[in-house]
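Below is start17.cif, which holds mmCIF, C-alpha atoms and all ligand atoms.
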```cif
data_input
#
loop_
_atom_site.label_atom_id
_atom_site.label_comp_id
_atom_site.auth_asym_id
_atom_site.auth_seq_id
_atom_site.Cartn_x
_atom_site.Cartn_y
_atom_site.Cartn_z
CA ILE O 92 112.29 -141.16 -109.22
CA THR O 93 110.98 -138.83 -111.87
CA GLY O 94 111.13 -141.01 -114.98
CA CYS O 95 107.97 -143.01 -114.32
CA THR O 96 104.50 -142.52 -112.89
CA GLU O 97 105.14 -144.59 -109.71
CA ALA O 98 107.59 -142.45 -107.75
CA GLY O 99 107.21 -144.16 -104.35
CA VAL O 100 108.48 -147.63 -105.14
CA GLU O 101 111.64 -149.08 -106.64
CA LEU O 102 111.69 -152.29 -108.69
CA GLU O 103 114.50 -154.77 -108.90
CA VAL O 104 114.16 -156.81 -112.08
CA ALA O 105 114.83 -160.53 -111.56
CA SER O 106 113.89 -161.71 -115.04
CA VAL O 107 112.03 -160.46 -118.07
CA HIS O 108 109.80 -162.53 -120.37
CA VAL O 109 108.59 -161.32 -123.75
CA VAL O 110 104.86 -161.90 -124.05
CA SER O 111 104.42 -160.17 -127.39
CA LYS O 112 107.37 -159.07 -129.49
CA SER O 113 107.56 -155.73 -131.27
CA GLU O 114 109.52 -155.09 -134.45
CA ILE O 115 112.85 -153.54 -133.53
CA THR O 116 112.25 -150.22 -135.21
CA LEU O 117 109.31 -148.23 -133.98
CA PRO O 118 107.93 -145.45 -136.22
CA PHE O 119 108.47 -143.14 -133.24
CA SER O 120 109.28 -143.42 -129.58
CA VAL O 121 106.28 -143.36 -127.24
CA LYS O 122 108.43 -141.54 -124.72
CA ALA O 123 109.37 -138.78 -127.19
CA ALA O 124 105.75 -138.53 -128.37
CA SER O 125 104.59 -138.10 -124.77
CA LEU O 126 106.63 -134.96 -124.07
CA PRO O 127 105.28 -131.41 -124.09
CA GLY O 128 106.18 -129.70 -127.36
CA SER O 129 106.56 -133.02 -129.21
CA TYR O 130 103.63 -132.42 -131.56
CA GLN O 131 104.56 -131.27 -135.01
CA TYR O 132 102.19 -130.15 -137.71
CA GLY O 133 103.07 -130.40 -141.39
CA GLU O 134 103.68 -127.38 -143.61
CA THR O 135 100.27 -127.95 -145.14
CA ASP O 136 98.59 -128.27 -141.76
CA ASN O 137 98.39 -124.53 -141.11
CA ASP O 138 94.68 -124.53 -141.66
CA THR O 139 94.06 -127.72 -139.77
CA VAL O 140 95.50 -126.50 -136.49
CA ARG O 141 93.52 -124.08 -134.39
CA GLY O 142 95.07 -120.64 -134.56
CA GLY O 143 98.38 -122.11 -135.73
CA GLU O 144 99.63 -121.50 -132.16
CA ALA O 145 100.48 -125.12 -131.45
CA LYS O 146 102.67 -125.24 -134.52
CA ALA O 147 104.59 -122.15 -133.44
CA GLU O 148 105.00 -123.57 -129.94
CA ALA O 149 106.36 -126.83 -131.29
CA ALA O 150 108.77 -125.01 -133.60
CA ALA O 151 110.11 -123.00 -130.67
CA ALA O 152 111.02 -126.04 -128.58
CA GLN O 153 114.33 -127.74 -129.48
CA GLN O 154 113.43 -131.39 -129.15
CA VAL O 155 112.30 -134.50 -131.03
CA LYS O 156 109.03 -133.81 -132.82
CA VAL O 157 106.48 -136.34 -133.98
CA GLY O 158 104.27 -135.17 -136.83
CA LEU O 159 100.51 -135.41 -136.48
CA ASP O 160 100.30 -137.39 -139.72
CA THR O 161 102.90 -139.90 -138.52
CA ARG O 162 101.10 -140.25 -135.22
CA LEU O 163 97.80 -140.86 -136.99
CA ASN O 164 99.39 -143.32 -139.45
CA TYR O 165 100.47 -145.35 -136.42
CA ARG O 166 97.53 -144.45 -134.22
CA TRP O 167 97.83 -147.69 -132.23
CA ILE O 168 101.22 -146.52 -130.96
CA ASP O 169 100.18 -142.89 -130.61
CA LEU O 170 97.28 -144.01 -128.39
CA ARG O 171 99.84 -145.36 -125.90
CA THR O 172 100.99 -141.91 -124.74
CA PRO O 173 99.56 -140.88 -121.34
CA CYS O 174 98.04 -137.76 -122.93
CA ASN O 175 96.17 -139.72 -125.60
CA GLN O 176 95.02 -142.33 -123.11
CA ALA O 177 93.60 -139.45 -121.06
CA ILE O 178 91.92 -137.80 -124.08
CA MET O 179 90.24 -141.06 -125.07
CA ARG O 180 89.02 -141.71 -121.51
CA ILE O 181 87.54 -138.21 -121.54
CA ASN O 182 85.96 -138.89 -124.96
CA THR O 183 84.18 -141.89 -123.44
CA GLY O 184 83.40 -139.84 -120.32
CA VAL O 185 81.47 -137.28 -122.39
CA SER O 186 79.22 -139.89 -123.99
CA THR O 187 78.71 -141.63 -120.62
CA LEU O 188 77.69 -138.37 -118.93
CA PHE O 189 75.43 -137.51 -121.88
CA ARG O 190 73.70 -140.87 -121.59
CA GLU O 191 73.43 -140.81 -117.78
CA TYR O 192 71.74 -137.41 -117.72
CA LEU O 193 69.18 -138.32 -120.35
CA TYR O 194 68.43 -141.83 -119.02
CA ALA O 195 67.69 -140.21 -115.64
CA ARG O 196 65.10 -138.00 -117.37
CA ASP O 197 63.16 -140.75 -119.07
CA PHE O 198 64.80 -140.50 -122.50
CA VAL O 199 64.89 -143.56 -124.74
CA GLU O 200 68.15 -144.35 -126.54
CA ILE O 201 67.38 -144.99 -130.20
CA HIS O 202 69.46 -146.65 -132.93
CA SER O 203 68.56 -145.12 -136.27
CA PRO O 204 69.62 -146.47 -139.67
CA LYS O 205 72.77 -145.06 -141.24
CA LEU O 206 71.90 -146.37 -144.71
CA ASN O 207 69.11 -144.32 -146.21
CA GLY O 208 67.44 -143.71 -149.54
CA GLY O 209 67.38 -139.92 -149.06
CA ALA O 210 69.57 -137.24 -147.51
CA SER O 211 68.67 -136.12 -144.00
CA GLU O 212 69.93 -132.57 -144.38
CA GLY O 213 68.56 -131.51 -147.75
CA GLY O 214 70.88 -133.35 -150.13
CA ALA O 215 74.22 -131.52 -149.89
CA ASN O 216 77.39 -133.09 -148.42
CA CYS O 217 76.04 -136.62 -148.56
CA PHE O 218 78.19 -139.73 -149.15
CA THR O 219 76.35 -141.72 -151.78
CA LEU O 220 76.61 -145.42 -152.51
CA LYS O 221 74.83 -148.15 -154.37
CA TYR O 222 72.30 -150.16 -152.39
CA PHE O 223 71.36 -153.26 -154.41
CA GLY O 224 71.15 -151.18 -157.55
CA GLN O 225 69.40 -148.16 -156.06
CA PRO O 226 71.11 -144.98 -154.84
CA ALA O 227 71.59 -144.60 -151.10
CA CYS O 228 73.19 -142.12 -148.66
CA LEU O 229 75.12 -142.47 -145.42
CA ALA O 230 73.20 -140.65 -142.69
CA GLN O 231 74.30 -137.02 -142.20
CA SER O 232 72.46 -137.02 -138.86
CA PRO O 233 69.73 -139.02 -137.12
CA GLN O 234 67.54 -135.91 -137.49
CA LEU O 235 64.56 -137.38 -139.29
CA PHE O 236 64.46 -140.52 -137.13
CA LYS O 237 64.71 -138.60 -133.88
CA GLN O 238 61.68 -136.61 -134.97
CA MET O 239 59.78 -139.65 -136.20
CA THR O 240 60.30 -141.39 -132.84
CA ALA O 241 59.92 -138.47 -130.38
CA GLY O 242 57.36 -136.38 -132.26
CA CYS O 243 55.41 -138.90 -134.36
CA GLY O 244 56.09 -142.26 -132.70
CA GLY O 245 54.96 -141.27 -129.21
CA LEU O 246 58.29 -141.90 -127.45
CA GLU O 247 58.40 -138.19 -126.54
CA ARG O 248 62.04 -138.11 -125.40
CA VAL O 249 64.81 -139.77 -127.40
CA PHE O 250 68.56 -139.55 -127.89
CA GLU O 251 71.23 -141.27 -129.93
CA VAL O 252 74.99 -141.60 -129.75
CA GLY O 253 76.15 -142.70 -133.17
CA PRO O 254 78.24 -142.06 -136.28
CA VAL O 255 77.43 -139.13 -138.53
CA PHE O 256 78.83 -138.87 -142.06
CA ARG O 257 79.57 -135.58 -143.81
CA ALA O 258 81.02 -135.46 -147.33
CA GLU O 259 82.49 -131.99 -146.74
CA ASP O 260 85.88 -131.25 -148.27
CA SER O 261 86.68 -129.19 -145.16
CA ASN O 262 90.34 -129.44 -144.21
CA THR O 263 90.10 -127.53 -140.96
CA HIS O 264 91.01 -128.09 -137.31
CA ARG O 265 87.35 -128.82 -136.45
CA HIS O 266 85.81 -130.85 -139.28
CA LEU O 267 85.79 -134.61 -139.73
CA CYS O 268 84.05 -136.62 -142.44
CA GLU O 269 82.81 -139.06 -139.83
CA PHE O 270 82.17 -137.95 -136.27
CA THR O 271 80.17 -139.14 -133.29
CA GLY O 272 76.85 -137.39 -133.01
CA LEU O 273 75.26 -136.81 -129.61
CA ASP O 274 71.67 -136.17 -130.62
CA MET O 275 68.58 -135.43 -128.58
CA GLU O 276 64.93 -134.72 -129.38
CA MET O 277 62.03 -134.10 -127.01
CA ALA O 278 58.36 -133.21 -126.99
CA ILE O 279 57.66 -129.59 -126.02
CA ASN O 280 54.79 -128.80 -123.66
CA GLU O 281 54.68 -125.03 -123.90
CA HIS O 282 57.82 -123.41 -125.26
CA TYR O 283 61.09 -124.41 -126.91
CA PHE O 284 62.96 -122.97 -123.92
CA GLU O 285 62.22 -126.38 -122.33
CA VAL O 286 64.72 -127.84 -124.82
CA LEU O 287 67.27 -125.12 -124.11
CA GLU O 288 66.98 -125.81 -120.39
CA MET O 289 67.45 -129.53 -120.95
CA PHE O 290 70.58 -128.95 -123.07
CA SER O 291 71.94 -126.42 -120.61
CA GLY O 292 71.53 -128.86 -117.69
CA LEU O 293 72.99 -131.62 -119.81
CA PHE O 294 76.15 -129.67 -120.64
CA ILE O 295 76.64 -128.49 -117.07
CA ASN O 296 76.37 -132.16 -116.02
CA ILE O 297 79.03 -133.05 -118.60
CA PHE O 298 81.42 -130.25 -117.56
CA GLU O 299 81.02 -130.90 -113.82
CA GLY O 300 81.22 -134.66 -114.33
CA LEU O 301 84.45 -134.34 -116.33
CA ASN O 302 86.02 -132.09 -113.68
CA GLU O 303 85.02 -134.50 -110.90
CA ARG O 304 85.76 -137.85 -112.54
CA TYR O 305 88.64 -136.98 -114.85
CA ALA O 306 90.73 -134.45 -112.91
CA LYS O 307 93.85 -136.63 -113.33
CA GLU O 308 93.30 -137.01 -117.08
CA ILE O 309 92.61 -133.30 -117.54
CA GLY O 310 95.89 -132.60 -115.72
CA LEU O 311 97.80 -135.00 -118.00
CA VAL O 312 96.41 -133.39 -121.14
CA SER O 313 97.20 -129.89 -119.90
CA GLU O 314 100.88 -130.84 -119.58
CA LEU O 315 101.01 -131.12 -123.38
CA PHE O 316 98.30 -128.62 -124.24
CA PRO O 317 98.33 -125.92 -121.58
CA VAL O 318 95.16 -123.79 -121.70
CA GLU O 319 92.99 -121.98 -119.18
CA PRO O 320 90.59 -124.43 -117.53
CA PHE O 321 87.17 -124.42 -119.21
CA LYS O 322 84.85 -121.86 -117.58
CA PHE O 323 81.06 -122.01 -117.44
CA CYS O 324 78.39 -120.31 -115.38
CA LYS O 325 75.12 -121.46 -113.82
CA PRO O 326 72.56 -120.81 -115.15
CA SER O 327 74.05 -120.86 -118.66
CA LEU O 328 74.25 -117.59 -120.54
CA ARG O 329 71.60 -117.17 -123.26
CA LEU O 330 71.77 -114.43 -125.87
CA THR O 331 69.53 -113.88 -128.85
CA TYR O 332 71.26 -113.92 -132.22
CA ALA O 333 70.47 -110.19 -132.52
CA GLU O 334 72.17 -109.55 -129.17
CA GLY O 335 75.22 -111.56 -130.28
CA CYS O 336 75.42 -109.53 -133.51
CA GLN O 337 75.07 -106.33 -131.47
CA LEU O 338 78.02 -107.34 -129.27
CA LEU O 339 80.04 -107.75 -132.47
CA ALA O 340 78.79 -104.43 -133.85
CA ASP O 341 79.76 -102.63 -130.62
CA TYR O 342 83.31 -104.00 -130.82
CA THR O 343 86.01 -102.19 -132.81
CA LEU O 344 87.95 -104.63 -134.97
CA THR O 345 91.73 -104.54 -134.50
CA GLU O 346 94.21 -105.20 -137.30
CA SER O 347 94.83 -108.71 -136.04
CA ASP O 348 91.06 -109.40 -135.96
CA ILE O 349 90.89 -108.32 -139.60
CA ALA O 350 93.93 -110.49 -140.41
CA ARG O 351 92.07 -113.43 -138.84
CA GLY O 352 89.18 -112.79 -141.25
CA CYS O 353 86.74 -110.96 -138.94
CA THR O 354 84.33 -108.62 -140.72
CA SER O 355 81.24 -106.63 -139.82
CA GLN O 356 78.42 -109.09 -139.16
CA SER O 357 74.93 -108.71 -140.61
CA PRO O 358 72.21 -109.97 -138.23
CA GLU O 359 70.49 -111.45 -141.31
CA GLU O 360 73.41 -113.71 -142.29
CA ASP O 361 74.98 -116.70 -140.56
CA LEU O 362 78.03 -116.08 -138.36
CA SER O 363 81.32 -116.57 -140.17
CA THR O 364 83.85 -118.79 -138.35
CA PRO O 365 86.24 -115.88 -137.53
CA ASN O 366 83.31 -113.80 -136.20
CA GLU O 367 82.06 -116.78 -134.19
CA LYS O 368 85.46 -116.99 -132.48
CA LEU O 369 85.58 -113.24 -131.93
CA LEU O 370 82.13 -113.34 -130.34
CA GLY O 371 83.40 -116.09 -128.03
CA ARG O 372 86.24 -113.79 -126.92
CA ILE O 373 83.88 -110.83 -126.41
CA VAL O 374 81.45 -112.98 -124.39
CA LYS O 375 84.31 -114.40 -122.29
CA ALA O 376 85.57 -110.90 -121.49
CA LYS O 377 82.09 -109.58 -120.69
CA TYR O 378 80.44 -112.54 -118.95
CA GLY O 379 83.42 -114.70 -117.88
CA THR O 380 82.12 -117.88 -119.54
CA ASP O 381 83.45 -120.19 -122.27
CA PHE O 382 79.97 -121.67 -122.74
CA PHE O 383 76.85 -119.92 -123.98
CA MET O 384 73.83 -120.35 -126.23
CA MET O 385 72.25 -118.09 -128.84
CA ASP O 386 68.71 -118.40 -130.15
CA GLU O 387 66.33 -116.79 -132.67
CA TYR O 388 68.57 -117.28 -135.71
CA PRO O 389 67.45 -115.91 -139.10
CA LEU O 390 65.14 -118.51 -140.64
CA LYS O 391 66.91 -118.45 -144.00
CA VAL O 392 70.18 -119.80 -142.54
CA ARG O 393 68.50 -122.82 -140.91
CA PRO O 394 67.37 -126.18 -142.36
CA PHE O 395 63.90 -126.72 -143.84
CA TYR O 396 62.51 -128.51 -140.77
CA THR O 397 63.11 -125.45 -138.51
CA MET O 398 60.05 -123.86 -136.88
CA PRO O 399 59.67 -120.20 -137.91
CA HIS O 400 59.42 -117.61 -135.14
CA PRO O 401 55.75 -117.09 -134.13
CA THR O 402 55.70 -113.32 -134.77
CA ASN O 403 58.73 -112.44 -136.91
CA PRO O 404 58.77 -114.39 -140.21
CA LYS O 405 62.46 -113.63 -140.72
CA LEU O 406 63.48 -115.38 -137.49
CA SER O 407 63.20 -118.95 -136.21
CA ASN O 408 62.87 -120.91 -132.97
CA SER O 409 66.40 -122.19 -133.37
CA TYR O 410 69.64 -122.08 -131.41
CA ASP O 411 73.35 -122.85 -131.39
CA PHE O 412 75.60 -123.53 -128.40
CA PHE O 413 79.27 -122.54 -128.21
CA MET O 414 82.38 -123.62 -126.33
CA ARG O 415 85.51 -121.44 -126.39
CA GLY O 416 83.97 -119.48 -129.26
CA GLU O 417 83.22 -122.46 -131.52
CA GLU O 418 79.87 -124.04 -132.36
CA ILE O 419 79.23 -127.37 -130.70
CA LEU O 420 75.45 -127.71 -131.02
CA SER O 421 72.84 -126.74 -133.53
CA GLY O 422 69.16 -127.25 -132.88
CA ALA O 423 65.63 -125.94 -133.12
CA GLN O 424 61.98 -126.47 -132.54
CA ARG O 425 60.83 -128.44 -135.59
CA VAL O 426 57.85 -127.98 -137.86
CA HIS O 427 55.29 -130.66 -136.89
CA ASP O 428 52.53 -129.78 -139.37
CA VAL O 429 52.77 -131.58 -142.70
CA ASP O 430 51.46 -128.71 -144.85
CA LYS O 431 53.83 -126.25 -143.26
CA LEU O 432 56.69 -128.73 -143.67
CA LEU O 433 55.99 -129.15 -147.39
CA GLU O 434 55.69 -125.40 -147.78
CA ARG O 435 59.09 -124.99 -146.10
CA CYS O 436 60.65 -127.64 -148.41
CA ARG O 437 59.22 -125.92 -151.49
CA THR O 438 60.28 -122.39 -150.50
CA ASP O 439 63.50 -123.07 -148.62
CA GLY O 440 64.94 -126.55 -148.63
CA GLY O 441 68.39 -125.26 -147.64
CA HIS O 442 70.52 -122.14 -148.28
CA GLY O 443 67.38 -120.30 -149.44
CA GLU O 444 66.84 -122.69 -152.37
CA PRO O 445 63.62 -124.69 -152.85
CA MET O 446 64.07 -128.46 -152.54
CA SER O 447 63.49 -130.39 -155.78
CA GLU O 448 60.36 -132.60 -155.97
CA GLU O 449 62.77 -135.53 -156.38
CA ALA O 450 64.52 -134.65 -153.11
CA ILE O 451 61.18 -134.23 -151.35
CA ASP O 452 60.13 -137.62 -152.69
CA SER O 453 63.31 -139.20 -151.32
CA ILE O 454 62.23 -138.25 -147.76
CA LYS O 455 58.58 -139.19 -148.32
CA GLY O 456 58.54 -141.52 -145.31
CA TYR O 457 59.62 -138.65 -143.07
CA ILE O 458 57.09 -136.19 -144.53
CA ASP O 459 54.30 -138.78 -144.32
CA SER O 460 55.03 -139.40 -140.64
CA PHE O 461 53.55 -135.96 -139.91
CA ARG O 462 50.24 -136.80 -141.63
CA HIS O 463 48.86 -138.68 -138.64
CA GLY O 464 49.37 -136.14 -135.87
CA ALA O 465 52.66 -135.23 -134.19
CA LEU O 466 53.68 -133.71 -130.86
CA PRO O 467 55.34 -130.30 -130.94
CA HIS O 468 59.02 -131.09 -130.44
CA GLY O 469 62.56 -129.80 -130.62
CA GLY O 470 66.12 -130.98 -130.11
CA GLY O 471 69.64 -130.65 -131.37
CA GLY O 472 72.84 -132.34 -132.46
CA VAL O 473 76.27 -132.10 -130.86
CA GLY O 474 79.63 -133.30 -132.17
CA LEU O 475 81.31 -135.42 -129.46
CA GLU O 476 84.86 -134.86 -130.70
CA ARG O 477 84.30 -131.11 -130.84
CA VAL O 478 83.17 -131.07 -127.22
CA VAL O 479 86.29 -133.01 -126.19
CA MET O 480 88.58 -130.77 -128.27
CA LEU O 481 87.11 -127.54 -126.91
CA PHE O 482 86.73 -128.62 -123.30
CA LEU O 483 90.41 -129.56 -123.23
CA GLY O 484 91.53 -126.73 -125.52
CA LEU O 485 93.15 -129.15 -128.01
CA PRO O 486 94.43 -127.55 -131.22
CA ASN O 487 92.87 -130.12 -133.53
CA ILE O 488 89.75 -132.31 -133.56
CA ARG O 489 91.77 -135.27 -134.89
CA LEU O 490 93.36 -135.59 -131.44
CA ALA O 491 89.90 -136.18 -129.94
CA SER O 492 88.89 -138.95 -132.37
CA PHE O 493 89.96 -142.58 -131.96
CA PHE O 494 90.56 -143.02 -135.71
CA PRO O 495 89.86 -139.73 -137.49
CA ARG O 496 88.33 -139.61 -140.95
CA ASP O 497 88.97 -136.45 -142.97
CA PRO O 498 89.06 -135.69 -146.70
CA LYS O 499 92.64 -137.02 -146.87
CA ARG O 500 92.46 -139.86 -144.35
CA LEU O 501 90.57 -143.13 -144.64
CA ALA O 502 93.03 -145.38 -142.76
CA PRO O 503 93.89 -146.80 -140.30
P1 LIG F 601 79.90 -126.14 -138.95
O1 LIG F 601 79.18 -124.86 -139.32
O2 LIG F 601 80.85 -125.98 -137.82
O3 LIG F 601 80.47 -126.86 -140.13
P2 LIG F 601 77.31 -127.38 -139.04
O4 LIG F 601 76.48 -126.15 -138.96
O5 LIG F 601 77.48 -128.07 -140.35
O6 LIG F 601 78.77 -127.11 -138.37
P3 LIG F 601 75.43 -129.12 -137.82
O7 LIG F 601 75.08 -129.81 -139.08
O8 LIG F 601 74.45 -128.16 -137.27
O9 LIG F 601 76.83 -128.40 -137.96
O10 LIG F 601 75.86 -130.22 -136.75
C1 LIG F 601 75.66 -130.11 -135.36
C2 LIG F 601 76.96 -130.27 -134.62
O11 LIG F 601 77.69 -131.39 -135.10
C3 LIG F 601 77.94 -129.11 -134.77
O12 LIG F 601 77.64 -128.08 -133.87
C4 LIG F 601 79.25 -129.76 -134.45
O13 LIG F 601 79.43 -129.94 -133.05
C5 LIG F 601 79.08 -131.12 -135.07
N1 LIG F 601 79.64 -131.17 -136.42
C6 LIG F 601 79.05 -130.77 -137.57
N2 LIG F 601 79.82 -131.00 -138.62
C7 LIG F 601 80.95 -131.58 -138.15
C8 LIG F 601 82.13 -132.08 -138.76
N3 LIG F 601 82.30 -132.05 -140.08
N4 LIG F 601 83.08 -132.63 -137.96
C9 LIG F 601 82.92 -132.69 -136.62
N5 LIG F 601 81.82 -132.24 -135.98
C10 LIG F 601 80.84 -131.69 -136.73
#
```
Output the file's structure in the form of structure tokens.
Ligand code: ATP
Amino acid sequence: ITGCTEAGVELEVASVHVVSKSEITLPFSVKAASLPGSYQYGETDNDTVRGGEAKAEAAAAQQVKVGLDTRLNYRWIDLRTPCNQAIMRINTGVSTLFREYLYARDFVEIHSPKLNGGASEGGANCFTLKYFGQPACLAQSPQLFKQMTAGCGGLERVFEVGPVFRAEDSNTHRHLCEFTGLDMEMAINEHYFEVLEMFSGLFINIFEGLNERYAKEIGLVSELFPVEPFKFCKPSLRLTYAEGCQLLADYTLTESDIARGCTSQSPEEDLSTPNEKLLGRIVKAKYGTDFFMMDEYPLKVRPFYTMPHPTNPKLSNSYDFFMRGEEILSGAQRVHDVDKLLERCRTDGGHGEPMSEEAIDSIKGYIDSFRHGALPHGGGGVGLERVVMLFLGLPNIRLASFFPRDPKRLAP
């Protein structure tokens, strides 16, 4: 018997009772939507599907296709396919493994407010709303509260798993307007490498835990989205940003790299998305890993609360982590001295621009929390759905979200 998951038994139906009736016409058949090659991406979805490869694959196969939009419009039916059930179990698995690792290391799970008077990331890309007559923002990250609890509130080690809102009109395969943030912040004893080590151990725990606990689910997903299994090494590979840029500089761009948008990378500017992906391919070929971290980013491309490098004023004690050549974590040691923090706001509140006094005033509570002594600390933020997408090699982040929110989708 090949048509069902239980191949070793045969059922003889004596009678059937309807417990809950469905309308006769379904928007699509669960069986058709469960088959390899059944995903279809709209003409306008080119940009929202990683590499466009999945679209080409689907077009090549002669079979019933179910569009991503249709699936998402009827997400409750789409979630019934074995592949989606597996993806969602893995989604939960990532947050469980994240929590388990940090609980075992004396971290406290915090629950920070999502309704705030000021923006957490310098004002841009913030959903604004009215809060009893005064302006308010939906939290763009738990950043300020993680710092106020771990660094200023004496909890020393905190994490949060919660919604993060970004008003970015980014119609790409990897951006959502609401995603699940996996955030962590910890006191530093001697060096910010302590944070890098914690994150590295945390990710290895997630990858190994997924492989051990979810082998069946990973297999189900790979039937629809065949990719090479995710590779990582122990200890994790760490490069400096300068070393990453050097790897790019040493590589000769091919015509197809240029067509993908790759360009020569300045070590003083942030990595462009095409160059980020190219670096992932170069690192994979050289070191055999899909997972690595880079630190010592240029200070000017990092947020105002980032600790500058101790000896090179152009650099910072900051880092990003990557999976399959895409960013999944951004973090840094944070400034814990109030005068330095204000100086950073007034010289570089974001994208090299000083923050307005009004914006500084809107995060007064955060600034003031450093007036009474604070522990040196650092941490980072991860996007849960991105980790799921990249671990499984899915073509689109929407597949890794229970009910995705993007610039064009606010329901169901
Ligand atoms: P990107 O450059 O990819 O837009 P970012 O630099 O804005 O990301 P951060 O603000 O540093 O990202 O957020 C930390 C992490 O949160 C990212 O590494 C990513 O995993 C996740 N993330 C950020 N923005 C989004 C988004 N719009 N949708 C889904 N995940 C996101």
Q) When distances are computed from all atoms listed in the file, which of O:Leu206, O:Leu273, O:Ala350, O:Ile201 shows the smallest separation from O:Thr219? A) O:Leu206
**Q.** Exercise answer, 6 Å around ligand LIG 601 (chain F) with only C-alpha atoms and all ligand atoms, as number ranges by chain
**A.** O: 257, 265-268, 270, 418-421, 472-474, 477
Q.
Between atom CA of O:Glu200 and atom CA of O:Glu251, what distance in Å does the model show, to one decimal?
A. 5.5 Å
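Using only C-alpha atoms for every distance, the candidate list O:Thr397, O:Thr402, O:Asn164, O:Gln424 yields O:Gln424 as the residue closest to O:Ile279.
The residue that comes closest to O:Cys217, out of O:Cys243, O:Ala258, O:Val429, O:Val199 and on the basis of all atoms listed in the file, is O:Ala258.
Minimum atom-to-atom distances from O:Gly184, O:Gly422, O:Pro173, O:Pro486 to O:Leu311 were compared using all atoms listed in the file, and the lowest value belongs to O:Pro173.
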Q.
With distances taken over all atoms listed in the file, which residue among O:Leu235, O:Pro317, O:Ala278, O:Phe294 lies nearest O:Glu247?
A. O:Ala278
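Look at O:Ser291: the protein and nucleic acid residues within 10 Å of it, using only C-alpha atoms and passing over chain neighbours fewer than 2 places away, are Glu285, Val286, Leu287, Glu288, Met289, Leu293, Phe294, Ile295, Asn296, Ile297, Lys325, Pro326, Ser327, Leu328, Arg329, Phe382, Phe383, Met384 and Phe412 of chain O.
Of the residues listed (O:Lys431, O:Ile178, O:Asp160, O:Gly469), O:Ile178 shows the shortest atom-to-atom separation from O:Val312; distances use only C-alpha atoms.
Going from atom CA of O:Thr240 over to atom CA of O:Asp459, you cover 13.2 Å.
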(Q) Please list as a VMD selection string every residue within 10 Å of O:Ala123, counting all atoms listed in the file and excluding residues in the same chain fewer than 3 positions away. (A) chain O and resid 119 to 120 126 to 130 154 to 157 172
Q. Separation of atom CA of O:Glu360 and atom CA of O:Phe395, in Å?
A. 16.2 Å
Q) Which neighbours of stretch 388-391 of chain O fall inside 7 Å, counting all atoms listed in the file, when residues of the same chain fewer than 4 positions from it are skipped, and could you give them as a ChimeraX atom specification? A) /O:332,359,399,405-407,409-410,442-443
Need the shell around O:Leu339: protein/DNA/RNA residues with any atom at most 8 Å away, counting all atoms listed in the file. Skip same-chain ones fewer than 4 positions apart. Format as an mmCIF file with C-alpha atoms, in the coordinates of the input?
```
data_model
loop_
_atom_site.group_PDB
_atom_site.id
_atom_site.type_symbol
_atom_site.label_atom_id
_atom_site.label_comp_id
_atom_site.auth_asym_id
_atom_site.auth_seq_id
_atom_site.Cartn_x
_atom_site.Cartn_y
_atom_site.Cartn_z
ATOM 1 C CA GLY O 335 75.220 -111.560 -130.280
ATOM 2 C CA SER O 355 81.240 -106.630 -139.820
ATOM 3 C CA GLN O 356 78.420 -109.090 -139.160
ATOM 4 C CA ASN O 366 83.310 -113.800 -136.200
ATOM 5 C CA LEU O 369 85.580 -113.240 -131.930
ATOM 6 C CA LEU O 370 82.130 -113.340 -130.340
ATOM 7 C CA ILE O 373 83.880 -110.830 -126.410
#
```
Within 9 Å of file point (89.1, -136.4, -148.1), counting all atoms listed in the file, expressed as a compact mmCIF listing (two decimals) with C-alpha atoms, in the frame of the given file:
```
# COMPACT_ATOMS: atom_id res chain seq x y z
CA ALA O 258 81.02 -135.46 -147.33
CA GLU O 259 82.49 -131.99 -146.74
CA ASP O 260 85.88 -131.25 -148.27
CA SER O 261 86.68 -129.19 -145.16
CA ASN O 262 90.34 -129.44 -144.21
CA CYS O 268 84.05 -136.62 -142.44
CA ARG O 496 88.33 -139.61 -140.95
CA ASP O 497 88.97 -136.45 -142.97
CA PRO O 498 89.06 -135.69 -146.70
CA LYS O 499 92.64 -137.02 -146.87
CA ARG O 500 92.46 -139.86 -144.35
CA LEU O 501 90.57 -143.13 -144.64
```
